[in-house]
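Structure file start-v8.cif (mmCIF, C-alpha atoms, pLDDT in the B column; chains and numbers go by the auth columns) is printed below.
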data_query
#
loop_
_atom_site.group_PDB
_atom_site.id
_atom_site.type_symbol
_atom_site.label_atom_id
_atom_site.label_comp_id
_atom_site.label_asym_id
_atom_site.label_seq_id
_atom_site.Cartn_x
_atom_site.Cartn_y
_atom_site.Cartn_z
_atom_site.B_iso_or_equiv
_atom_site.auth_seq_id
_atom_site.auth_asym_id
ATOM 1 C CA MET A 1 0.000 0.000 0.000 48.00 32 V
ATOM 2 C CA TYR A 2 1.304 3.435 -1.012 45.00 33 V
ATOM 3 C CA PHE A 3 0.337 6.997 -0.192 46.00 34 V
ATOM 4 C CA GLY A 4 0.847 10.148 -2.198 44.00 35 V
ATOM 5 C CA LYS A 5 1.767 10.381 -5.871 44.00 36 V
ATOM 6 C CA ILE A 6 3.880 7.453 -6.998 47.00 37 V
ATOM 7 C CA ARG A 7 5.491 7.359 -10.442 48.00 38 V
ATOM 8 C CA SER A 8 5.619 4.217 -12.586 44.00 39 V
ATOM 9 C CA ILE A 9 8.895 2.382 -12.340 49.00 40 V
ATOM 10 C CA GLY A 10 9.855 0.214 -15.295 55.00 41 V
ATOM 11 C CA LYS A 11 6.999 -2.141 -16.075 81.00 42 V
ATOM 12 C CA TYR A 12 5.182 -1.421 -12.818 88.00 43 V
ATOM 13 C CA TYR A 13 2.170 0.844 -12.541 90.00 44 V
ATOM 14 C CA ILE A 14 0.096 2.259 -9.710 93.00 45 V
ATOM 15 C CA ALA A 15 -3.580 1.318 -9.343 94.00 46 V
ATOM 16 C CA THR A 16 -5.487 3.747 -7.126 96.00 47 V
ATOM 17 C CA LEU A 17 -8.814 2.368 -5.884 97.00 48 V
ATOM 18 C CA THR A 18 -11.370 4.600 -4.142 97.00 49 V
ATOM 19 C CA SER A 19 -14.685 3.590 -2.597 97.00 50 V
ATOM 20 C CA LYS A 20 -17.203 6.364 -1.880 95.00 51 V
ATOM 21 C CA GLY A 21 -20.383 5.819 0.135 93.00 52 V
ATOM 22 C CA ASN A 22 -21.953 2.699 1.577 95.00 53 V
ATOM 23 C CA GLY A 23 -20.228 -0.086 -0.301 97.00 54 V
ATOM 24 C CA GLN A 24 -16.860 -1.652 -0.963 97.00 55 V
ATOM 25 C CA ILE A 25 -14.410 -2.669 -3.663 97.00 56 V
ATOM 26 C CA ASN A 26 -13.048 -6.189 -3.486 97.00 57 V
ATOM 27 C CA TYR A 27 -9.665 -6.724 -5.094 95.00 58 V
ATOM 28 C CA GLY A 28 -8.499 -10.249 -4.407 92.00 59 V
ATOM 29 C CA SER A 29 -8.412 -10.542 -0.615 93.00 60 V
ATOM 30 C CA ASN A 30 -8.284 -6.753 -0.234 95.00 61 V
ATOM 31 C CA VAL A 31 -11.373 -4.787 0.797 96.00 62 V
ATOM 32 C CA ILE A 32 -11.520 -1.042 0.095 96.00 63 V
ATOM 33 C CA ARG A 33 -14.319 0.673 1.971 95.00 64 V
ATOM 34 C CA ASN A 34 -14.867 4.433 2.286 94.00 65 V
ATOM 35 C CA THR A 35 -11.210 5.018 1.633 95.00 66 V
ATOM 36 C CA THR A 36 -8.484 5.071 -1.039 96.00 67 V
ATOM 37 C CA GLU A 37 -5.864 2.360 -1.438 96.00 68 V
ATOM 38 C CA ARG A 38 -2.924 2.222 -3.854 95.00 69 V
ATOM 39 C CA TYR A 39 -1.304 -0.887 -5.273 93.00 70 V
ATOM 40 C CA GLU A 40 1.858 -1.318 -7.347 91.00 71 V
ATOM 41 C CA LEU A 41 1.210 -3.837 -10.093 89.00 72 V
ATOM 42 C CA GLU A 42 3.343 -5.328 -12.781 87.00 73 V
ATOM 43 C CA SER A 43 1.970 -4.474 -16.199 80.00 74 V
ATOM 44 C CA LYS A 44 1.224 -8.057 -17.132 79.00 75 V
ATOM 45 C CA GLU A 45 -0.628 -8.810 -13.882 81.00 76 V
ATOM 46 C CA GLY A 46 -3.907 -7.180 -14.804 82.00 77 V
ATOM 47 C CA MET A 47 -6.616 -6.890 -12.175 89.00 78 V
ATOM 48 C CA LYS A 48 -10.179 -7.949 -11.430 94.00 79 V
ATOM 49 C CA LEU A 49 -12.468 -5.879 -9.202 96.00 80 V
ATOM 50 C CA THR A 50 -15.947 -6.435 -7.788 97.00 81 V
ATOM 51 C CA PHE A 51 -18.130 -3.672 -6.387 97.00 82 V
ATOM 52 C CA ILE A 52 -20.466 -4.625 -3.529 97.00 83 V
ATOM 53 C CA PRO A 53 -23.089 -2.128 -2.292 97.00 84 V
ATOM 54 C CA ASP A 54 -24.427 -2.351 1.252 97.00 85 V
ATOM 55 C CA GLU A 55 -28.032 -3.340 1.864 97.00 86 V
ATOM 56 C CA GLY A 56 -30.320 -0.550 0.701 97.00 87 V
ATOM 57 C CA TYR A 57 -27.654 0.975 -1.564 98.00 88 V
ATOM 58 C CA SER A 58 -26.687 0.684 -5.224 97.00 89 V
ATOM 59 C CA LEU A 59 -23.555 1.196 -7.253 97.00 90 V
ATOM 60 C CA GLU A 60 -24.127 4.620 -8.788 96.00 91 V
ATOM 61 C CA SER A 61 -21.098 4.812 -11.080 96.00 92 V
ATOM 62 C CA VAL A 62 -17.561 3.646 -11.783 96.00 93 V
ATOM 63 C CA THR A 63 -14.985 5.982 -13.275 96.00 94 V
ATOM 64 C CA VAL A 64 -11.631 4.949 -14.725 96.00 95 V
ATOM 65 C CA ASN A 65 -9.130 7.777 -15.049 95.00 96 V
ATOM 66 C CA GLY A 66 -11.973 10.281 -14.911 94.00 97 V
ATOM 67 C CA ILE A 67 -14.157 8.554 -17.516 95.00 98 V
ATOM 68 C CA GLU A 68 -17.438 7.057 -16.355 94.00 99 V
ATOM 69 C CA ILE A 69 -17.836 3.467 -17.558 93.00 100 V
ATOM 70 C CA GLY A 70 -21.283 2.661 -16.110 91.00 101 V
ATOM 71 C CA ASN A 71 -22.353 0.776 -13.019 90.00 102 V
ATOM 72 C CA ASP A 72 -21.538 -2.879 -13.677 93.00 103 V
ATOM 73 C CA LEU A 73 -20.667 -4.730 -10.490 95.00 104 V
ATOM 74 C CA SER A 74 -17.330 -5.969 -11.845 94.00 105 V
ATOM 75 C CA TYR A 75 -14.394 -4.586 -13.800 94.00 106 V
ATOM 76 C CA SER A 76 -11.378 -6.378 -15.279 92.00 107 V
ATOM 77 C CA LEU A 77 -8.116 -5.504 -16.980 88.00 108 V
ATOM 78 C CA ASN A 78 -5.852 -8.095 -18.578 87.00 109 V
ATOM 79 C CA SER A 79 -2.821 -5.847 -18.294 86.00 110 V
ATOM 80 C CA LEU A 80 -1.813 -2.341 -17.312 86.00 111 V
ATOM 81 C CA GLU A 81 -0.257 0.176 -19.650 87.00 112 V
ATOM 82 C CA GLU A 82 -0.370 3.200 -17.353 90.00 113 V
ATOM 83 C CA ASP A 83 -1.258 4.255 -13.856 92.00 114 V
ATOM 84 C CA ILE A 84 -4.955 3.761 -13.272 94.00 115 V
ATOM 85 C CA ASP A 85 -7.372 5.558 -10.978 96.00 116 V
ATOM 86 C CA ILE A 86 -10.702 3.778 -10.299 97.00 117 V
ATOM 87 C CA ILE A 87 -13.498 5.325 -8.247 97.00 118 V
ATOM 88 C CA ALA A 88 -16.664 3.460 -7.233 97.00 119 V
ATOM 89 C CA SER A 89 -19.522 5.611 -5.929 97.00 120 V
ATOM 90 C CA PHE A 90 -22.483 4.149 -4.036 97.00 121 V
ATOM 91 C CA VAL A 91 -25.885 5.787 -3.508 97.00 122 V
ATOM 92 C CA ILE A 92 -28.796 5.111 -1.177 97.00 123 V
ATOM 93 C CA ASN A 93 -31.917 3.523 -2.691 98.00 124 V
ATOM 94 C CA SER A 94 -35.530 4.640 -2.456 98.00 125 V
ATOM 95 C CA TYR A 95 -38.381 2.150 -2.298 98.00 126 V
ATOM 96 C CA LYS A 96 -42.103 2.395 -2.874 98.00 127 V
ATOM 97 C CA LEU A 97 -44.388 2.752 0.143 98.00 128 V
ATOM 98 C CA THR A 98 -47.990 2.089 -0.888 97.00 129 V
ATOM 99 C CA TYR A 99 -51.110 2.505 1.242 97.00 130 V
ATOM 100 C CA MET A 100 -54.083 0.379 0.161 97.00 131 V
ATOM 101 C CA VAL A 101 -57.666 0.844 1.394 97.00 132 V
ATOM 102 C CA ASP A 102 -60.178 -1.860 0.529 96.00 133 V
ATOM 103 C CA ASN A 103 -57.820 -3.209 -2.157 95.00 134 V
ATOM 104 C CA GLU A 104 -57.465 0.174 -3.872 96.00 135 V
ATOM 105 C CA ILE A 105 -54.398 2.431 -3.891 97.00 136 V
ATOM 106 C CA TYR A 106 -54.886 5.250 -1.401 97.00 137 V
ATOM 107 C CA LYS A 107 -51.452 6.946 -1.456 96.00 138 V
ATOM 108 C CA THR A 108 -47.891 6.148 -2.548 97.00 139 V
ATOM 109 C CA TYR A 109 -44.505 7.555 -1.539 97.00 140 V
ATOM 110 C CA ASP A 110 -40.872 7.038 -2.501 97.00 141 V
ATOM 111 C CA VAL A 111 -38.953 6.572 0.743 98.00 142 V
ATOM 112 C CA GLU A 112 -35.207 6.235 1.218 98.00 143 V
ATOM 113 C CA TYR A 113 -33.862 3.087 2.827 98.00 144 V
ATOM 114 C CA GLY A 114 -33.615 3.356 6.629 97.00 145 V
ATOM 115 C CA THR A 115 -35.933 6.375 6.917 97.00 146 V
ATOM 116 C CA ALA A 116 -38.278 6.318 9.921 97.00 147 V
ATOM 117 C CA ILE A 117 -41.848 5.800 8.755 96.00 148 V
ATOM 118 C CA THR A 118 -44.659 7.905 10.194 94.00 149 V
ATOM 119 C CA SER A 119 -47.941 6.288 9.270 93.00 150 V
ATOM 120 C CA GLU A 120 -50.410 8.133 7.083 94.00 151 V
ATOM 121 C CA PRO A 121 -53.355 9.670 9.025 95.00 152 V
ATOM 122 C CA GLU A 122 -56.250 7.232 8.999 95.00 153 V
ATOM 123 C CA PRO A 123 -58.925 8.009 6.399 96.00 154 V
ATOM 124 C CA THR A 124 -62.540 8.547 7.383 95.00 155 V
ATOM 125 C CA LYS A 125 -65.778 7.501 5.746 95.00 156 V
ATOM 126 C CA GLU A 126 -69.295 8.355 6.880 95.00 157 V
ATOM 127 C CA GLY A 127 -71.055 5.446 8.531 95.00 158 V
ATOM 128 C CA CYS A 128 -67.906 3.302 8.614 96.00 159 V
ATOM 129 C CA THR A 129 -65.087 2.410 10.997 96.00 160 V
ATOM 130 C CA PHE A 130 -61.485 2.157 9.769 96.00 161 V
ATOM 131 C CA SER A 131 -59.517 -0.945 10.760 95.00 162 V
ATOM 132 C CA GLY A 132 -56.203 0.869 11.174 95.00 163 V
ATOM 133 C CA TRP A 133 -53.025 0.362 9.100 96.00 164 V
ATOM 134 C CA ASN A 134 -51.457 -3.097 8.985 93.00 165 V
ATOM 135 C CA ASN A 135 -47.827 -4.109 8.362 88.00 166 V
ATOM 136 C CA ILE A 136 -46.152 -0.728 8.956 93.00 167 V
ATOM 137 C CA PRO A 137 -42.394 -1.148 9.575 95.00 168 V
ATOM 138 C CA GLU A 138 -40.580 1.276 11.861 95.00 169 V
ATOM 139 C CA THR A 139 -38.046 2.144 9.164 97.00 170 V
ATOM 140 C CA MET A 140 -38.016 1.653 5.399 98.00 171 V
ATOM 141 C CA PRO A 141 -36.529 -1.741 4.501 97.00 172 V
ATOM 142 C CA ALA A 142 -34.625 -2.570 1.335 97.00 173 V
ATOM 143 C CA ASN A 143 -37.785 -3.456 -0.562 97.00 174 V
ATOM 144 C CA ASP A 144 -41.158 -2.034 -1.534 97.00 175 V
ATOM 145 C CA VAL A 145 -43.780 -2.032 1.230 97.00 176 V
ATOM 146 C CA THR A 146 -47.555 -2.289 0.981 97.00 177 V
ATOM 147 C CA VAL A 147 -49.620 -1.147 3.967 97.00 178 V
ATOM 148 C CA THR A 148 -53.267 -2.173 4.083 97.00 179 V
ATOM 149 C CA GLY A 149 -56.439 -1.016 5.784 97.00 180 V
ATOM 150 C CA SER A 150 -60.172 -1.452 5.343 97.00 181 V
ATOM 151 C CA PHE A 151 -63.515 0.035 6.272 97.00 182 V
ATOM 152 C CA THR A 152 -66.271 -1.849 8.078 96.00 183 V
ATOM 153 C CA VAL A 153 -69.829 -0.576 7.710 95.00 184 V
ATOM 154 C CA ASN A 154 -71.279 0.419 11.089 95.00 185 V
ATOM 155 C CA LYS A 155 -74.523 -0.963 12.434 94.00 186 V
ATOM 156 C CA TYR A 156 -76.903 1.287 14.360 94.00 187 V
ATOM 157 C CA LYS A 157 -79.696 0.402 16.718 93.00 188 V
ATOM 158 C CA VAL A 158 -83.204 1.190 15.475 93.00 189 V
ATOM 159 C CA THR A 159 -85.889 1.337 18.166 93.00 190 V
ATOM 160 C CA TYR A 160 -89.592 1.175 17.351 91.00 191 V
ATOM 161 C CA ILE A 161 -91.827 2.861 19.934 91.00 192 V
ATOM 162 C CA ILE A 162 -95.618 2.577 20.167 88.00 193 V
ATOM 163 C CA ASP A 163 -97.558 4.649 22.682 86.00 194 V
ATOM 164 C CA GLY A 164 -94.331 5.573 24.462 88.00 195 V
ATOM 165 C CA GLU A 165 -93.225 1.955 24.906 89.00 196 V
ATOM 166 C CA VAL A 166 -90.561 -0.005 23.068 90.00 197 V
ATOM 167 C CA PHE A 167 -92.274 -2.291 20.580 88.00 198 V
ATOM 168 C CA ALA A 168 -89.173 -3.743 18.851 90.00 199 V
ATOM 169 C CA THR A 169 -85.462 -3.120 18.238 91.00 200 V
ATOM 170 C CA ASP A 170 -83.168 -3.983 15.361 91.00 201 V
ATOM 171 C CA TYR A 171 -79.573 -3.342 14.246 93.00 202 V
ATOM 172 C CA VAL A 172 -79.231 -2.013 10.708 92.00 203 V
ATOM 173 C CA GLU A 173 -76.116 -1.290 8.624 92.00 204 V
ATOM 174 C CA TYR A 174 -75.514 2.318 7.627 93.00 205 V
ATOM 175 C CA GLY A 175 -77.184 3.064 4.300 91.00 206 V
ATOM 176 C CA ALA A 176 -79.340 -0.065 4.347 92.00 207 V
ATOM 177 C CA THR A 177 -83.102 0.176 3.818 92.00 208 V
ATOM 178 C CA ILE A 178 -85.029 0.152 7.091 90.00 209 V
ATOM 179 C CA VAL A 179 -87.885 -2.334 7.025 88.00 210 V
ATOM 180 C CA PRO A 180 -90.168 -1.769 10.040 87.00 211 V
ATOM 181 C CA PRO A 181 -91.623 -4.863 11.739 85.00 212 V
ATOM 182 C CA THR A 182 -95.190 -5.855 10.889 81.00 213 V
ATOM 183 C CA ILE A 183 -97.746 -4.486 13.322 74.00 214 V
ATOM 184 C CA CYS A 184 -100.862 -6.602 13.859 63.00 215 V
ATOM 185 C CA ALA A 185 -103.913 -4.424 13.012 59.00 216 V
ATOM 186 C CA ILE A 186 -106.499 -6.921 14.240 60.00 217 V
ATOM 187 C CA PRO A 187 -107.875 -5.951 17.678 63.00 218 V
ATOM 188 C CA ILE A 188 -107.309 -8.505 20.377 65.00 219 V
ATOM 189 C CA TYR A 189 -111.039 -9.126 20.822 64.00 220 V
ATOM 190 C CA ILE A 190 -111.244 -10.272 17.173 67.00 221 V
ATOM 191 C CA LEU A 191 -108.602 -12.862 17.857 62.00 222 V
ATOM 192 C CA ILE A 192 -110.487 -14.015 20.932 71.00 223 V
ATOM 193 C CA LEU A 193 -113.641 -14.315 18.804 67.00 224 V
ATOM 194 C CA PHE A 194 -112.039 -16.687 16.374 65.00 225 V
ATOM 195 C CA VAL A 195 -110.753 -18.838 19.179 64.00 226 V
ATOM 196 C CA ILE A 196 -114.263 -19.058 20.681 70.00 227 V
ATOM 197 C CA LEU A 197 -115.895 -19.792 17.331 66.00 228 V
ATOM 198 C CA ILE A 198 -113.762 -22.850 16.972 66.00 229 V
ATOM 199 C CA PHE A 199 -115.590 -24.430 19.913 68.00 230 V
ATOM 200 C CA LEU A 200 -119.184 -23.208 19.271 61.00 231 V
ATOM 201 C CA GLU A 201 -121.809 -24.956 17.209 59.00 232 V
ATOM 202 C CA GLY A 202 -125.496 -24.453 16.206 57.00 233 V
ATOM 203 C CA ASP A 203 -127.661 -22.095 18.331 59.00 234 V
ATOM 204 C CA ALA A 204 -124.822 -21.243 20.634 62.00 235 V
ATOM 205 C CA PHE A 205 -122.819 -19.931 17.656 59.00 236 V
ATOM 206 C CA VAL A 206 -125.731 -17.722 16.476 57.00 237 V
ATOM 207 C CA GLU A 207 -126.371 -16.284 19.947 65.00 238 V
ATOM 208 C CA PHE A 208 -122.708 -15.432 20.419 59.00 239 V
ATOM 209 C CA LEU A 209 -122.393 -13.833 16.997 57.00 240 V
ATOM 210 C CA VAL A 210 -125.460 -11.540 17.632 58.00 241 V
ATOM 211 C CA ALA A 211 -124.074 -10.463 20.969 60.00 242 V
ATOM 212 C CA PHE A 212 -120.635 -9.813 19.473 55.00 243 V
ATOM 213 C CA VAL A 213 -122.000 -7.652 16.640 54.00 244 V
ATOM 214 C CA ALA A 214 -123.963 -5.556 19.141 54.00 245 V
ATOM 215 C CA PHE A 215 -120.795 -5.136 21.212 50.00 246 V
ATOM 216 C CA GLY A 216 -118.712 -4.278 18.199 46.00 247 V
ATOM 217 C CA GLU A 217 -120.923 -1.338 17.288 45.00 248 V
ATOM 218 C CA GLU A 218 -119.683 0.421 20.425 42.00 249 V
ATOM 219 C CA VAL A 219 -115.939 -0.185 19.777 38.00 250 V
ATOM 220 C CA GLU A 220 -113.690 1.699 17.356 39.00 251 V
ATOM 221 C CA ALA A 221 -110.263 0.502 16.132 35.00 252 V
ATOM 222 C CA ASP A 222 -107.248 2.482 17.387 38.00 253 V
ATOM 223 C CA THR A 223 -104.155 3.225 15.284 34.00 254 V
ATOM 224 C CA THR A 224 -100.921 4.818 16.486 34.00 255 V
ATOM 225 C CA ASP A 225 -97.936 6.281 14.612 34.00 256 V
ATOM 226 C CA VAL A 226 -94.706 4.331 14.960 37.00 257 V
ATOM 227 C CA LEU A 227 -91.841 6.392 16.334 42.00 258 V
ATOM 228 C CA PHE A 228 -88.217 5.641 15.433 48.00 259 V
ATOM 229 C CA GLY A 229 -85.135 6.204 17.537 46.00 260 V
ATOM 230 C CA ALA A 230 -81.544 5.294 16.766 44.00 261 V
ATOM 231 C CA GLU A 231 -78.277 4.988 18.635 47.00 262 V
ATOM 232 C CA VAL A 232 -74.777 3.886 17.640 42.00 263 V
ATOM 233 C CA LEU A 233 -74.154 0.195 18.147 47.00 264 V
#
Let me see the structure of the file written as structure tokens.
Amino acid sequence: MYFGKIRSIGKYYIATLTSKGNGQINYGSNVIRNTTERYELESKEGMKLTFIPDEGYSLESVTVNGIEIGNDLSYSLNSLEEDIDIIASFVINSYKLTYMVDNEIYKTYDVEYGTAITSEPEPTKEGCTFSGWNNIPETMPANDVTVTGSFTVNKYKVTYIIDGEVFATDYVEYGATIVPPTICAIPIYILILFVILIFLEGDAFVEFLVAFVAFGEEVEADTTDVLFGAEVL
């Protein structure tokens, strides 16, 4: 390993290897990481390099004597004809963070690797309850992330009141059609009549029917509006 400017001597040349950012250059058993190393090589030796980015990073570029040659993860020379200066630059990656609500894309962000994730405020929807976000990591991993959530339709209590008393209750989903329960419009004494008629025959039936008609002329049917009340389930 050499430091400073070193001139070529005979058939030997200087290879200067620089790694910038979160990654390393492997040259044989040598590892160059966030530093510069210099090697004296015989011209016929050649060299083979591999560039290894850290997790969440990529090889941005490789330059050879100031000329960018791309971002392939390896570089080889069969022989050296001059001093050579190789720089490998690494850059942090961004990954896609996608929020899904009821299987539809709600929002998307590009987030750098390792960034702390603050969850998106929960959406709201009238008559529904949100489940909350699932699968949110604390920091952005080295891959795309999909966060899911869903709405559940609320049910509300419907109370049917007749003459100030609870007649029936039901739980109905928000937005659903309310179907009130059937209210029997036949007065109770009519029902009693039919029960009695089952057991009467002949003259007894006639006498009872006359008496019932006379009684019925003095009775009027009563109807009452149905009142509705509702409370959150």
Once the PyMOL selection byres ((chain V and resi 99-102) around 10) has been evaluated on this model, what residues remain selected, and can you format them as number ranges by chain? V: 82, 89-98, 103-106, 117-121
Residues proximal to (-37.3, 0.4, 12.7) were defined as those with any atom within 12 Å of that point in the file's coordinates, counting only C-alpha atoms. Which are they, as a PyMOL selection string? chain V and resi 144-149+167-172
Extract, using all atoms listed in the file, all DNA, RNA and protein residues at most 9 Å from Asp201 in chain V, discarding same-chain residues fewer than 6 positions from it, and format them as a VMD selection string. chain V and resid 187 to 191
Save out the residues we just selected, C-alpha atoms, as a short mmCIF file (atom, residue, chain, number, x, y, z; two decimals), in the frame of the given file.
data_model
loop_
_atom_site.label_atom_id
_atom_site.label_comp_id
_atom_site.auth_asym_id
_atom_site.auth_seq_id
_atom_site.Cartn_x
_atom_site.Cartn_y
_atom_site.Cartn_z
CA TYR V 187 -76.90 1.29 14.36
CA LYS V 188 -79.70 0.40 16.72
CA VAL V 189 -83.20 1.19 15.48
CA THR V 190 -85.89 1.34 18.17
CA TYR V 191 -89.59 1.18 17.35
#
Take the PyMOL selection byres ((chain V and resi 153) around 12), run it mentally on this structure, and tell me the resulting residues as a tab-separated table (two decimals) with C-alpha atoms, keeping the file's coordinate frame.
chain	number	residue	atom	x	y	z
V	130	TYR	CA	-51.11	2.50	1.24
V	131	MET	CA	-54.08	0.38	0.16
V	132	VAL	CA	-57.67	0.84	1.39
V	137	TYR	CA	-54.89	5.25	-1.40
V	138	LYS	CA	-51.45	6.95	-1.46
V	149	THR	CA	-44.66	7.90	10.19
V	150	SER	CA	-47.94	6.29	9.27
V	151	GLU	CA	-50.41	8.13	7.08
V	152	PRO	CA	-53.36	9.67	9.02
V	154	PRO	CA	-58.92	8.01	6.40
V	155	THR	CA	-62.54	8.55	7.38
V	156	LYS	CA	-65.78	7.50	5.75
V	160	THR	CA	-65.09	2.41	11.00
V	161	PHE	CA	-61.48	2.16	9.77
V	162	SER	CA	-59.52	-0.94	10.76
V	163	GLY	CA	-56.20	0.87	11.17
V	164	TRP	CA	-53.02	0.36	9.10
V	165	ASN	CA	-51.46	-3.10	8.98
V	178	VAL	CA	-49.62	-1.15	3.97
V	179	THR	CA	-53.27	-2.17	4.08
V	180	GLY	CA	-56.44	-1.02	5.78
V	181	SER	CA	-60.17	-1.45	5.34
V	182	PHE	CA	-63.52	0.04	6.27
CA of Arg69 in chain V sits from CA of Leu48 in chain V at a separation of 6.2 Å
At a cut-off of 8 Å, using only C-alpha atoms, what residues contact range 122-128 of chain V? Leave out same-chain residues fewer than 3 positions from it and give the result as a PDB file with C-alpha atoms, in the frame of the given file.
ATOM      1  CA  GLY V  52     -20.383   5.819   0.135  1.00 93.00           C
ATOM      2  CA  ASN V  53     -21.953   2.699   1.577  1.00 95.00           C
ATOM      3  CA  GLY V  87     -30.320  -0.550   0.701  1.00 97.00           C
ATOM      4  CA  TYR V  88     -27.654   0.975  -1.564  1.00 98.00           C
ATOM      5  CA  SER V  89     -26.687   0.684  -5.224  1.00 97.00           C
ATOM      6  CA  LEU V  90     -23.555   1.196  -7.253  1.00 97.00           C
ATOM      7  CA  GLU V  91     -24.127   4.620  -8.788  1.00 96.00           C
ATOM      8  CA  THR V 139     -47.891   6.148  -2.548  1.00 97.00           C
ATOM      9  CA  TYR V 140     -44.505   7.555  -1.539  1.00 97.00           C
ATOM     10  CA  ASP V 141     -40.872   7.038  -2.501  1.00 97.00           C
ATOM     11  CA  VAL V 142     -38.953   6.572   0.743  1.00 98.00           C
ATOM     12  CA  GLU V 143     -35.207   6.235   1.218  1.00 98.00           C
ATOM     13  CA  TYR V 144     -33.862   3.087   2.827  1.00 98.00           C
ATOM     14  CA  MET V 171     -38.016   1.653   5.399  1.00 98.00           C
ATOM     15  CA  ALA V 173     -34.625  -2.570   1.335  1.00 97.00           C
ATOM     16  CA  ASN V 174     -37.785  -3.456  -0.562  1.00 97.00           C
ATOM     17  CA  ASP V 175     -41.158  -2.034  -1.534  1.00 97.00           C
ATOM     18  CA  VAL V 176     -43.780  -2.032   1.230  1.00 97.00           C
ATOM     19  CA  THR V 177     -47.555  -2.289   0.981  1.00 97.00           C
ATOM     20  CA  VAL V 178     -49.620  -1.147   3.967  1.00 97.00           C
TER      21      VAL V 178
END
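The spacing separating CA of Asn185 in chain V from CA of Pro212 in chain V amounts to 21.0 Å.
Minimum atom-to-atom distance to Ile115 in chain V, evaluated using all atoms listed in the file, belongs to V:Thr47 out of V:Ser60, V:Thr66, V:Thr47, V:Asn134.
Counting from CA of Glu157 in chain V, the distance to CA of Ile192 in chain V is 26.6 Å.
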Running the PyMOL selection byres ((chain V and resi 55) around 8) on this model by hand, what would come out? Give it as number ranges by chain. V: 50, 53-54, 56-57, 62-65, 82-85
Write the selection just made, keeping C-alpha atoms, as a short mmCIF file (atom, residue, chain, number, x, y, z; two decimals), keeping the file's coordinate frame?
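And here is the file that came out, out02.cif:
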data_model
loop_
_atom_site.label_atom_id
_atom_site.label_comp_id
_atom_site.auth_asym_id
_atom_site.auth_seq_id
_atom_site.Cartn_x
_atom_site.Cartn_y
_atom_site.Cartn_z
CA SER V 50 -14.68 3.59 -2.60
CA ASN V 53 -21.95 2.70 1.58
CA GLY V 54 -20.23 -0.09 -0.30
CA ILE V 56 -14.41 -2.67 -3.66
CA ASN V 57 -13.05 -6.19 -3.49
CA VAL V 62 -11.37 -4.79 0.80
CA ILE V 63 -11.52 -1.04 0.10
CA ARG V 64 -14.32 0.67 1.97
CA ASN V 65 -14.87 4.43 2.29
CA PHE V 82 -18.13 -3.67 -6.39
CA ILE V 83 -20.47 -4.62 -3.53
CA PRO V 84 -23.09 -2.13 -2.29
CA ASP V 85 -24.43 -2.35 1.25
#
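In terms of minimum interatomic distance to Glu204 in chain V, V:Cys159 ranks closest within V:Leu72, V:Met78, V:Cys159, V:Leu108, counting all atoms listed in the file.
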Tell me which of V:Pro211, V:Asp194, V:Ile136, V:Gly206 sits closest to Gly158 in chain V, counting all atoms listed in the file. V:Gly206
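When all atoms listed in the file are used to compute distances to Ala46 in chain V, the closest of the residues V:Asn166, V:Thr208, V:Thr81, V:Ser110 turns out to be V:Ser110.
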